[in-house]
file upload_34.txt (compact mmCIF, C-alpha atoms)
# COMPACT_ATOMS: atom_id res chain seq x y z
CA MET X 1 0.00 0.00 0.00
CA THR X 2 1.38 3.39 -0.97
CA LEU X 3 0.21 6.99 -0.85
CA SER X 4 -0.32 8.96 -4.01
CA PRO X 5 2.69 11.22 -4.60
CA ILE X 6 2.26 14.96 -4.40
CA PHE X 7 2.34 17.02 -7.60
CA GLU X 8 3.35 20.48 -8.78
CA PRO X 9 0.42 22.85 -7.98
CA PRO X 10 -1.94 24.00 -9.17
CA TYR X 11 -3.92 20.82 -9.69
CA TYR X 12 -7.31 19.61 -8.44
CA ALA X 13 -8.55 17.25 -5.74
CA VAL X 14 -12.00 15.66 -5.68
CA ILE X 15 -12.81 14.80 -2.06
CA PHE X 16 -15.53 12.16 -1.85
CA THR X 17 -16.80 11.18 1.62
CA SER X 18 -19.54 8.59 2.12
CA LEU X 19 -21.58 6.50 4.51
CA ARG X 20 -22.56 3.12 3.04
CA HIS X 21 -25.58 0.92 3.61
CA GLU X 22 -24.88 -2.52 5.14
CA GLY X 23 -23.79 -5.26 2.72
CA ASP X 24 -21.83 -5.21 -0.52
CA HIS X 25 -24.57 -5.46 -3.21
CA GLY X 26 -21.99 -5.34 -5.99
CA TYR X 27 -20.22 -2.31 -4.56
CA GLY X 28 -16.71 -3.81 -4.27
CA ALA X 29 -16.57 -4.99 -7.88
CA MET X 30 -17.92 -1.67 -9.16
CA ALA X 31 -15.49 0.35 -7.02
CA GLU X 32 -12.61 -1.64 -8.47
CA GLU X 33 -13.91 -1.17 -12.02
CA MET X 34 -14.37 2.58 -11.51
CA GLU X 35 -10.86 2.92 -10.10
CA LYS X 36 -9.52 1.19 -13.22
CA LEU X 37 -11.59 3.32 -15.63
CA GLY X 38 -10.94 6.55 -13.75
CA SER X 39 -7.19 6.06 -13.73
CA ALA X 40 -7.27 5.73 -17.54
CA GLN X 41 -9.04 9.10 -17.99
CA PRO X 42 -7.17 12.12 -19.40
CA GLY X 43 -5.77 14.34 -16.66
CA TYR X 44 -5.91 11.67 -13.95
CA LEU X 45 -2.98 12.04 -11.55
CA GLY X 46 -3.62 9.70 -8.62
CA ILE X 47 -5.95 8.52 -5.86
CA ASP X 48 -5.99 7.86 -2.11
CA SER X 49 -8.73 5.85 -0.46
CA ALA X 50 -9.59 4.75 3.10
CA ARG X 51 -12.68 3.33 4.74
CA SER X 52 -13.56 2.74 8.39
CA GLU X 53 -17.01 3.97 9.49
CA VAL X 54 -16.73 6.75 6.95
CA GLY X 55 -15.26 6.24 3.48
CA ILE X 56 -12.98 8.89 1.99
CA THR X 57 -11.63 8.80 -1.54
CA VAL X 58 -9.55 11.68 -2.85
CA SER X 59 -8.66 11.66 -6.54
CA TYR X 60 -6.23 14.12 -8.12
CA TRP X 61 -6.65 15.73 -11.53
CA GLN X 62 -4.86 18.11 -13.80
CA ASN X 63 -7.80 20.49 -14.25
CA LEU X 64 -11.56 20.99 -13.90
CA ALA X 65 -12.35 19.87 -17.45
CA ASP X 66 -10.81 16.46 -16.71
CA ILE X 67 -13.01 16.14 -13.62
CA HIS X 68 -16.15 17.07 -15.56
CA ALA X 69 -15.28 14.59 -18.33
CA TRP X 70 -14.89 11.77 -15.80
CA LYS X 71 -18.18 12.70 -14.08
CA ALA X 72 -19.92 12.49 -17.48
CA GLN X 73 -18.28 9.21 -18.55
CA LEU X 74 -20.97 6.63 -19.38
CA GLU X 75 -20.06 3.74 -17.09
CA HIS X 76 -19.30 6.22 -14.32
CA GLN X 77 -22.77 7.77 -14.75
CA GLN X 78 -24.31 4.32 -14.30
CA ALA X 79 -22.18 3.74 -11.20
CA GLN X 80 -23.27 7.11 -9.78
CA ARG X 81 -26.92 6.16 -10.29
CA LEU X 82 -26.44 2.79 -8.57
CA GLY X 83 -24.58 4.56 -5.79
CA LYS X 84 -27.61 6.67 -4.97
CA GLU X 85 -30.06 3.81 -5.39
CA GLN X 86 -28.18 1.05 -3.58
CA TRP X 87 -24.86 1.73 -1.92
CA TYR X 88 -24.70 5.11 -0.25
CA ALA X 89 -26.81 6.37 2.64
CA SER X 90 -25.16 9.76 2.12
CA TYR X 91 -22.14 11.33 0.48
CA THR X 92 -20.45 14.66 -0.10
CA VAL X 93 -18.31 15.78 -3.03
CA ARG X 94 -15.92 18.72 -2.86
CA VAL X 95 -13.88 19.92 -5.82
CA ALA X 96 -10.83 21.85 -4.64
CA LYS X 97 -7.76 23.45 -6.20
CA VAL X 98 -4.52 22.38 -4.50
CA GLU X 99 -2.50 25.50 -3.72
CA TYR X 100 0.47 23.84 -2.02
CA ASN X 101 1.51 20.42 -0.81
CA TYR X 102 4.37 18.73 1.02
CA GLU X 103 5.29 15.27 2.22
CA PHE X 104 7.32 13.33 4.77
CA GLY X 105 9.05 9.99 4.46
CA ARG X 106 8.07 9.14 0.92
CA MET W 107 -20.99 8.51 12.75
CA THR W 108 -21.78 11.45 10.48
CA LEU W 109 -20.12 13.24 7.60
CA SER W 110 -19.06 16.84 7.89
CA PRO W 111 -21.64 19.05 6.19
CA ILE W 112 -20.67 20.97 3.10
CA PHE W 113 -20.23 24.74 3.28
CA GLU W 114 -20.61 27.81 1.11
CA PRO W 115 -17.44 28.10 -1.05
CA PRO W 116 -14.85 29.37 -1.09
CA TYR W 117 -13.32 27.67 1.93
CA TYR W 118 -10.26 25.47 2.43
CA ALA W 119 -9.59 21.76 2.84
CA VAL W 120 -6.43 20.28 4.36
CA ILE W 121 -6.03 16.76 2.99
CA PHE W 122 -3.75 14.67 5.20
CA THR W 123 -2.90 11.12 4.06
CA SER W 124 -0.63 8.83 6.06
CA LEU W 125 0.90 5.41 6.52
CA ARG W 126 1.48 4.52 10.17
CA HIS W 127 4.08 2.36 11.85
CA GLU W 128 2.77 -0.73 13.66
CA GLY W 129 1.48 -0.19 17.21
CA ASP W 130 -0.20 2.73 18.93
CA HIS W 131 2.67 4.33 20.91
CA GLY W 132 0.35 7.03 22.25
CA TYR W 133 -1.05 7.89 18.83
CA GLY W 134 -4.76 7.33 19.61
CA ALA W 135 -4.80 9.58 22.66
CA MET W 136 -2.88 12.30 20.84
CA ALA W 137 -5.12 12.12 17.76
CA GLU W 138 -8.17 12.57 20.00
CA GLU W 139 -6.54 15.50 21.80
CA MET W 140 -5.57 17.17 18.50
CA GLU W 141 -9.10 16.75 17.14
CA LYS W 142 -10.43 18.47 20.26
CA LEU W 143 -7.89 21.32 20.12
CA GLY W 144 -8.20 21.76 16.34
CA SER W 145 -11.96 22.02 16.46
CA ALA W 146 -11.64 24.90 18.96
CA GLN W 147 -9.36 26.92 16.63
CA PRO W 148 -10.66 30.06 14.88
CA GLY W 149 -11.92 29.31 11.38
CA TYR W 150 -12.39 25.58 11.95
CA LEU W 151 -15.41 24.29 10.03
CA GLY W 152 -15.35 20.49 10.27
CA ILE W 153 -13.44 17.24 9.77
CA ASP W 154 -13.78 13.84 8.09
CA SER W 155 -11.50 10.95 8.96
CA ALA W 156 -11.08 7.32 7.84
CA ARG W 157 -8.37 4.73 8.25
CA SER W 158 -7.86 1.34 6.66
CA GLU W 159 -4.38 0.62 5.30
CA VAL W 160 -4.04 4.29 4.50
CA GLY W 161 -5.30 7.02 6.83
CA ILE W 162 -7.04 10.08 5.40
CA THR W 163 -8.12 13.09 7.45
CA VAL W 164 -9.65 16.10 5.72
CA SER W 165 -10.25 19.20 7.83
CA TYR W 166 -12.16 22.24 6.59
CA TRP W 167 -11.23 25.84 7.32
CA GLN W 168 -12.48 29.32 6.59
CA ASN W 169 -9.19 30.60 5.16
CA LEU W 170 -5.43 30.03 4.84
CA ALA W 171 -4.55 32.15 7.87
CA ASP W 172 -6.63 29.83 10.07
CA ILE W 173 -4.74 26.82 8.69
CA HIS W 174 -1.37 28.45 9.32
CA ALA W 175 -2.37 29.40 12.87
CA TRP W 176 -3.35 25.79 13.63
CA LYS W 177 -0.13 24.46 12.14
CA ALA W 178 1.82 26.83 14.41
CA GLN W 179 -0.20 26.06 17.57
CA LEU W 180 2.16 24.86 20.34
CA GLU W 181 0.64 21.47 21.26
CA HIS W 182 0.05 20.77 17.58
CA GLN W 183 3.73 21.49 16.84
CA GLN W 184 4.70 18.93 19.49
CA ALA W 185 2.28 16.41 17.97
CA GLN W 186 3.75 17.03 14.51
CA ARG W 187 7.25 16.35 15.84
CA LEU W 188 6.14 13.11 17.53
CA GLY W 189 4.35 12.18 14.32
CA LYS W 190 7.59 12.26 12.37
CA GLU W 191 9.63 10.61 15.11
CA GLN W 192 7.24 7.84 16.14
CA TRP W 193 3.92 7.39 14.37
CA TYR W 194 4.13 7.99 10.65
CA ALA W 195 6.17 6.07 8.11
CA SER W 196 5.09 8.69 5.56
CA TYR W 197 2.47 11.34 5.02
CA THR W 198 1.33 13.96 2.54
CA VAL W 199 -0.38 17.28 3.19
CA ARG W 200 -2.33 19.17 0.53
CA VAL W 201 -3.94 22.56 1.14
CA ALA W 202 -6.74 23.16 -1.34
CA LYS W 203 -9.40 25.80 -1.96
CA VAL W 204 -12.89 24.29 -2.33
CA GLU W 205 -14.48 25.75 -5.46
CA TYR W 206 -17.78 23.86 -5.33
CA ASN W 207 -19.42 21.08 -3.36
CA TYR W 208 -22.62 19.05 -3.29
CA GLU W 209 -24.12 16.25 -1.28
CA PHE W 210 -26.60 13.40 -1.36
CA GLY W 211 -28.77 11.99 1.41
CA ARG W 212 -27.67 14.24 4.23

call {"tool": "encode", "arguments": {"input": "upload_34.txt", "output": "structure tokens"}}
result
Amino acid sequence: MTLSPIFEPPYYAVIFTSLRHEGDHGYGAMAEEMEKLGSAQPGYLGIDSARSEVGITVSYWQNLADIHAWKAQLEHQQAQRLGKEQWYASYTVRVAKVEYNYEFGR
Amino acid sequence: MTLSPIFEPPYYAVIFTSLRHEGDHGYGAMAEEMEKLGSAQPGYLGIDSARSEVGITVSYWQNLADIHAWKAQLEHQQAQRLGKEQWYASYTVRVAKVEYNYEFGR
């Protein structure tokens, strides 16, 4: 397991936090598929993900247009619909421009 | 367990990702203390936190000056030093300006 590297700002972070319903209901397979598809999108830089009671996924992107293109991608649209219908009790999405970053021990 | 609410942009997110060494070594108690102290700082808006293999904590702040004041706070400085010496194998910090946000099911 590794952390995403930092990048030269400015770039963008999409901060996705969620609370899931009990049970998998196809979530794990879809999450894996979306991570594969997302990482192949133009402008994708990296991702960090953790889940305990709350799930947090932060993906990093070159610019806003790349984020909008991924949000509109067909399979991702279907996954977003299933997410609302089946997997997530609640979620938040924040799109933020990284102004500076630093790291330790990488 | 709840998610932090979203806020009226612009505001700031501090995205902290980490890989820990094995064992607690006082980490849990310190993390709890820092969450208490941080949430009492001027400009603090909220926090989301999750840990599986990777740990991700995202805290939300009114502006950059509030973030810098918390980074410079005395007990927090001591915690940061212990973090490098004892708890974290590696970490990244990204400071990002939230441009827009939305939510589902909250």

call {"tool": "closest_residue", "arguments": {"input": "upload_34.txt", "among": "X:Gly46, X:Pro5, X:Pro10, X:Gly38", "to": "X:Asn63", "atoms": "only C-alpha atoms"}}
result
X:Pro10

call {"tool": "closest_residue", "arguments": {"input": "upload_34.txt", "among": "X:Lys36, X:Ile47, X:Ile56, X:Glu85", "to": "chain W", "atoms": "only C-alpha atoms"}}
result
X:Ile56

call {"tool": "calpha_fit_and_write", "arguments": {"input": "upload_34.txt", "fixed": "chain W", "moving": "chain X", "output": "PDB file with C-alpha atoms, in the coordinates of the input"}}
result
ATOM      1  CA  MET X   1     -21.001   8.532  12.760  1.00  0.00           C
ATOM      2  CA  THR X   2     -21.787  11.457  10.487  1.00  0.00           C
ATOM      3  CA  LEU X   3     -20.110  13.245   7.600  1.00  0.00           C
ATOM      4  CA  SER X   4     -19.054  16.842   7.900  1.00  0.00           C
ATOM      5  CA  PRO X   5     -21.643  19.057   6.194  1.00  0.00           C
ATOM      6  CA  ILE X   6     -20.682  20.969   3.091  1.00  0.00           C
ATOM      7  CA  PHE X   7     -20.211  24.741   3.296  1.00  0.00           C
ATOM      8  CA  GLU X   8     -20.605  27.821   1.118  1.00  0.00           C
ATOM      9  CA  PRO X   9     -17.427  28.096  -1.042  1.00  0.00           C
ATOM     10  CA  PRO X  10     -14.839  29.363  -1.094  1.00  0.00           C
ATOM     11  CA  TYR X  11     -13.317  27.672   1.926  1.00  0.00           C
ATOM     12  CA  TYR X  12     -10.249  25.469   2.427  1.00  0.00           C
ATOM     13  CA  ALA X  13      -9.581  21.757   2.845  1.00  0.00           C
ATOM     14  CA  VAL X  14      -6.419  20.288   4.354  1.00  0.00           C
ATOM     15  CA  ILE X  15      -6.024  16.755   2.990  1.00  0.00           C
ATOM     16  CA  PHE X  16      -3.749  14.673   5.203  1.00  0.00           C
ATOM     17  CA  THR X  17      -2.906  11.125   4.058  1.00  0.00           C
ATOM     18  CA  SER X  18      -0.626   8.834   6.063  1.00  0.00           C
ATOM     19  CA  LEU X  19       0.894   5.409   6.505  1.00  0.00           C
ATOM     20  CA  ARG X  20       1.473   4.518  10.168  1.00  0.00           C
ATOM     21  CA  HIS X  21       4.082   2.352  11.838  1.00  0.00           C
ATOM     22  CA  GLU X  22       2.766  -0.745  13.666  1.00  0.00           C
ATOM     23  CA  GLY X  23       1.471  -0.197  17.212  1.00  0.00           C
ATOM     24  CA  ASP X  24      -0.206   2.737  18.920  1.00  0.00           C
ATOM     25  CA  HIS X  25       2.664   4.359  20.904  1.00  0.00           C
ATOM     26  CA  GLY X  26       0.350   7.054  22.240  1.00  0.00           C
ATOM     27  CA  TYR X  27      -1.056   7.894  18.824  1.00  0.00           C
ATOM     28  CA  GLY X  28      -4.761   7.323  19.599  1.00  0.00           C
ATOM     29  CA  ALA X  29      -4.798   9.583  22.655  1.00  0.00           C
ATOM     30  CA  MET X  30      -2.878  12.313  20.827  1.00  0.00           C
ATOM     31  CA  ALA X  31      -5.139  12.101  17.759  1.00  0.00           C
ATOM     32  CA  GLU X  32      -8.162  12.561  19.997  1.00  0.00           C
ATOM     33  CA  GLU X  33      -6.540  15.502  21.794  1.00  0.00           C
ATOM     34  CA  MET X  34      -5.571  17.165  18.504  1.00  0.00           C
ATOM     35  CA  GLU X  35      -9.089  16.742  17.138  1.00  0.00           C
ATOM     36  CA  LYS X  36     -10.428  18.470  20.260  1.00  0.00           C
ATOM     37  CA  LEU X  37      -7.888  21.325  20.109  1.00  0.00           C
ATOM     38  CA  GLY X  38      -8.195  21.751  16.352  1.00  0.00           C
ATOM     39  CA  SER X  39     -11.966  22.011  16.452  1.00  0.00           C
ATOM     40  CA  ALA X  40     -11.645  24.885  18.955  1.00  0.00           C
ATOM     41  CA  GLN X  41      -9.367  26.912  16.633  1.00  0.00           C
ATOM     42  CA  PRO X  42     -10.657  30.053  14.880  1.00  0.00           C
ATOM     43  CA  GLY X  43     -11.918  29.319  11.378  1.00  0.00           C
ATOM     44  CA  TYR X  44     -12.382  25.585  11.956  1.00  0.00           C
ATOM     45  CA  LEU X  45     -15.400  24.294  10.031  1.00  0.00           C
ATOM     46  CA  GLY X  46     -15.339  20.497  10.252  1.00  0.00           C
ATOM     47  CA  ILE X  47     -13.427  17.249   9.765  1.00  0.00           C
ATOM     48  CA  ASP X  48     -13.771  13.840   8.104  1.00  0.00           C
ATOM     49  CA  SER X  49     -11.493  10.953   8.968  1.00  0.00           C
ATOM     50  CA  ALA X  50     -11.080   7.324   7.836  1.00  0.00           C
ATOM     51  CA  ARG X  51      -8.368   4.730   8.256  1.00  0.00           C
ATOM     52  CA  SER X  52      -7.866   1.317   6.661  1.00  0.00           C
ATOM     53  CA  GLU X  53      -4.367   0.621   5.285  1.00  0.00           C
ATOM     54  CA  VAL X  54      -4.038   4.301   4.508  1.00  0.00           C
ATOM     55  CA  GLY X  55      -5.297   7.028   6.840  1.00  0.00           C
ATOM     56  CA  ILE X  56      -7.040  10.083   5.401  1.00  0.00           C
ATOM     57  CA  THR X  57      -8.115  13.081   7.439  1.00  0.00           C
ATOM     58  CA  VAL X  58      -9.640  16.093   5.724  1.00  0.00           C
ATOM     59  CA  SER X  59     -10.238  19.191   7.833  1.00  0.00           C
ATOM     60  CA  TYR X  60     -12.150  22.233   6.589  1.00  0.00           C
ATOM     61  CA  TRP X  61     -11.237  25.843   7.318  1.00  0.00           C
ATOM     62  CA  GLN X  62     -12.477  29.300   6.591  1.00  0.00           C
ATOM     63  CA  ASN X  63      -9.192  30.588   5.156  1.00  0.00           C
ATOM     64  CA  LEU X  64      -5.437  30.034   4.832  1.00  0.00           C
ATOM     65  CA  ALA X  65      -4.552  32.142   7.875  1.00  0.00           C
ATOM     66  CA  ASP X  66      -6.631  29.824  10.077  1.00  0.00           C
ATOM     67  CA  ILE X  67      -4.745  26.821   8.692  1.00  0.00           C
ATOM     68  CA  HIS X  68      -1.364  28.452   9.315  1.00  0.00           C
ATOM     69  CA  ALA X  69      -2.376  29.399  12.873  1.00  0.00           C
ATOM     70  CA  TRP X  70      -3.371  25.803  13.638  1.00  0.00           C
ATOM     71  CA  LYS X  71      -0.121  24.459  12.129  1.00  0.00           C
ATOM     72  CA  ALA X  72       1.823  26.825  14.421  1.00  0.00           C
ATOM     73  CA  GLN X  73      -0.197  26.057  17.571  1.00  0.00           C
ATOM     74  CA  LEU X  74       2.138  24.853  20.343  1.00  0.00           C
ATOM     75  CA  GLU X  75       0.638  21.488  21.266  1.00  0.00           C
ATOM     76  CA  HIS X  76       0.044  20.783  17.584  1.00  0.00           C
ATOM     77  CA  GLN X  77       3.727  21.501  16.848  1.00  0.00           C
ATOM     78  CA  GLN X  78       4.701  18.938  19.485  1.00  0.00           C
ATOM     79  CA  ALA X  79       2.278  16.420  17.977  1.00  0.00           C
ATOM     80  CA  GLN X  80       3.743  17.039  14.508  1.00  0.00           C
ATOM     81  CA  ARG X  81       7.240  16.367  15.850  1.00  0.00           C
ATOM     82  CA  LEU X  82       6.137  13.123  17.526  1.00  0.00           C
ATOM     83  CA  GLY X  83       4.353  12.167  14.329  1.00  0.00           C
ATOM     84  CA  LYS X  84       7.590  12.262  12.375  1.00  0.00           C
ATOM     85  CA  GLU X  85       9.615  10.603  15.114  1.00  0.00           C
ATOM     86  CA  GLN X  86       7.215   7.844  16.140  1.00  0.00           C
ATOM     87  CA  TRP X  87       3.915   7.385  14.368  1.00  0.00           C
ATOM     88  CA  TYR X  88       4.129   7.993  10.650  1.00  0.00           C
ATOM     89  CA  ALA X  89       6.175   6.068   8.100  1.00  0.00           C
ATOM     90  CA  SER X  90       5.089   8.670   5.544  1.00  0.00           C
ATOM     91  CA  TYR X  91       2.469  11.339   5.009  1.00  0.00           C
ATOM     92  CA  THR X  92       1.339  13.961   2.533  1.00  0.00           C
ATOM     93  CA  VAL X  93      -0.382  17.283   3.183  1.00  0.00           C
ATOM     94  CA  ARG X  94      -2.317  19.181   0.530  1.00  0.00           C
ATOM     95  CA  VAL X  95      -3.925  22.558   1.140  1.00  0.00           C
ATOM     96  CA  ALA X  96      -6.737  23.161  -1.339  1.00  0.00           C
ATOM     97  CA  LYS X  97      -9.408  25.789  -1.949  1.00  0.00           C
ATOM     98  CA  VAL X  98     -12.891  24.286  -2.326  1.00  0.00           C
ATOM     99  CA  GLU X  99     -14.482  25.740  -5.454  1.00  0.00           C
ATOM    100  CA  TYR X 100     -17.785  23.859  -5.334  1.00  0.00           C
ATOM    101  CA  ASN X 101     -19.409  21.082  -3.361  1.00  0.00           C
ATOM    102  CA  TYR X 102     -22.619  19.063  -3.285  1.00  0.00           C
ATOM    103  CA  GLU X 103     -24.129  16.253  -1.265  1.00  0.00           C
ATOM    104  CA  PHE X 104     -26.613  13.387  -1.346  1.00  0.00           C
ATOM    105  CA  GLY X 105     -28.789  11.985   1.401  1.00  0.00           C
ATOM    106  CA  ARG X 106     -27.678  14.211   4.234  1.00  0.00           C
TER     107      ARG X 106
END

call {"tool": "interface_residues", "arguments": {"input": "upload_34.txt", "of": "chain W", "to": "chain X", "cutoff": "8 Å", "atoms": "only C-alpha atoms", "output": "PyMOL selection string"}}
result
chain W and resi 107-109+111-112+118-119+123-125+154-162+190+195-212

call {"tool": "atom_distance", "arguments": {"input": "upload_34.txt", "atom1": "atom CA of W:Gln186", "atom2": "atom CA of W:Leu151"}}
result
21.0 Å

call {"tool": "atom_distance", "arguments": {"input": "upload_34.txt", "atom1": "atom CA of W:Glu181", "atom2": "atom CA of W:Gly149"}}
result
17.8 Å

call {"tool": "residues_around", "arguments": {"input": "upload_34.txt", "residues": "X:Gln73", "least_positions_apart": "4", "cutoff": "12 Å", "atoms": "only C-alpha atoms", "output": "list of chain:residue names"}}
result
X:Met34, X:Leu37, X:Gly38, X:Ala40, X:Gln41, X:Pro42, X:Asp66, X:Ile67, X:His68, X:Ala69, X:Gln77, X:Gln78, X:Ala79, X:Gln80

call {"tool": "closest_residue", "arguments": {"input": "upload_34.txt", "among": "W:Leu188, W:Ser145, W:Trp193, W:Glu114", "to": "W:Trp176", "atoms": "all atoms listed in the file"}}
result
W:Ser145

call {"tool": "closest_residue", "arguments": {"input": "upload_34.txt", "among": "W:His182, W:His131, W:Tyr150, W:Ala137", "to": "W:Leu170", "atoms": "only C-alpha atoms"}}
result
W:Tyr150

call {"tool": "atom_distance", "arguments": {"input": "upload_34.txt", "atom1": "atom CA of X:Gln86", "atom2": "atom CA of X:Ala65"}}
result
28.2 Å
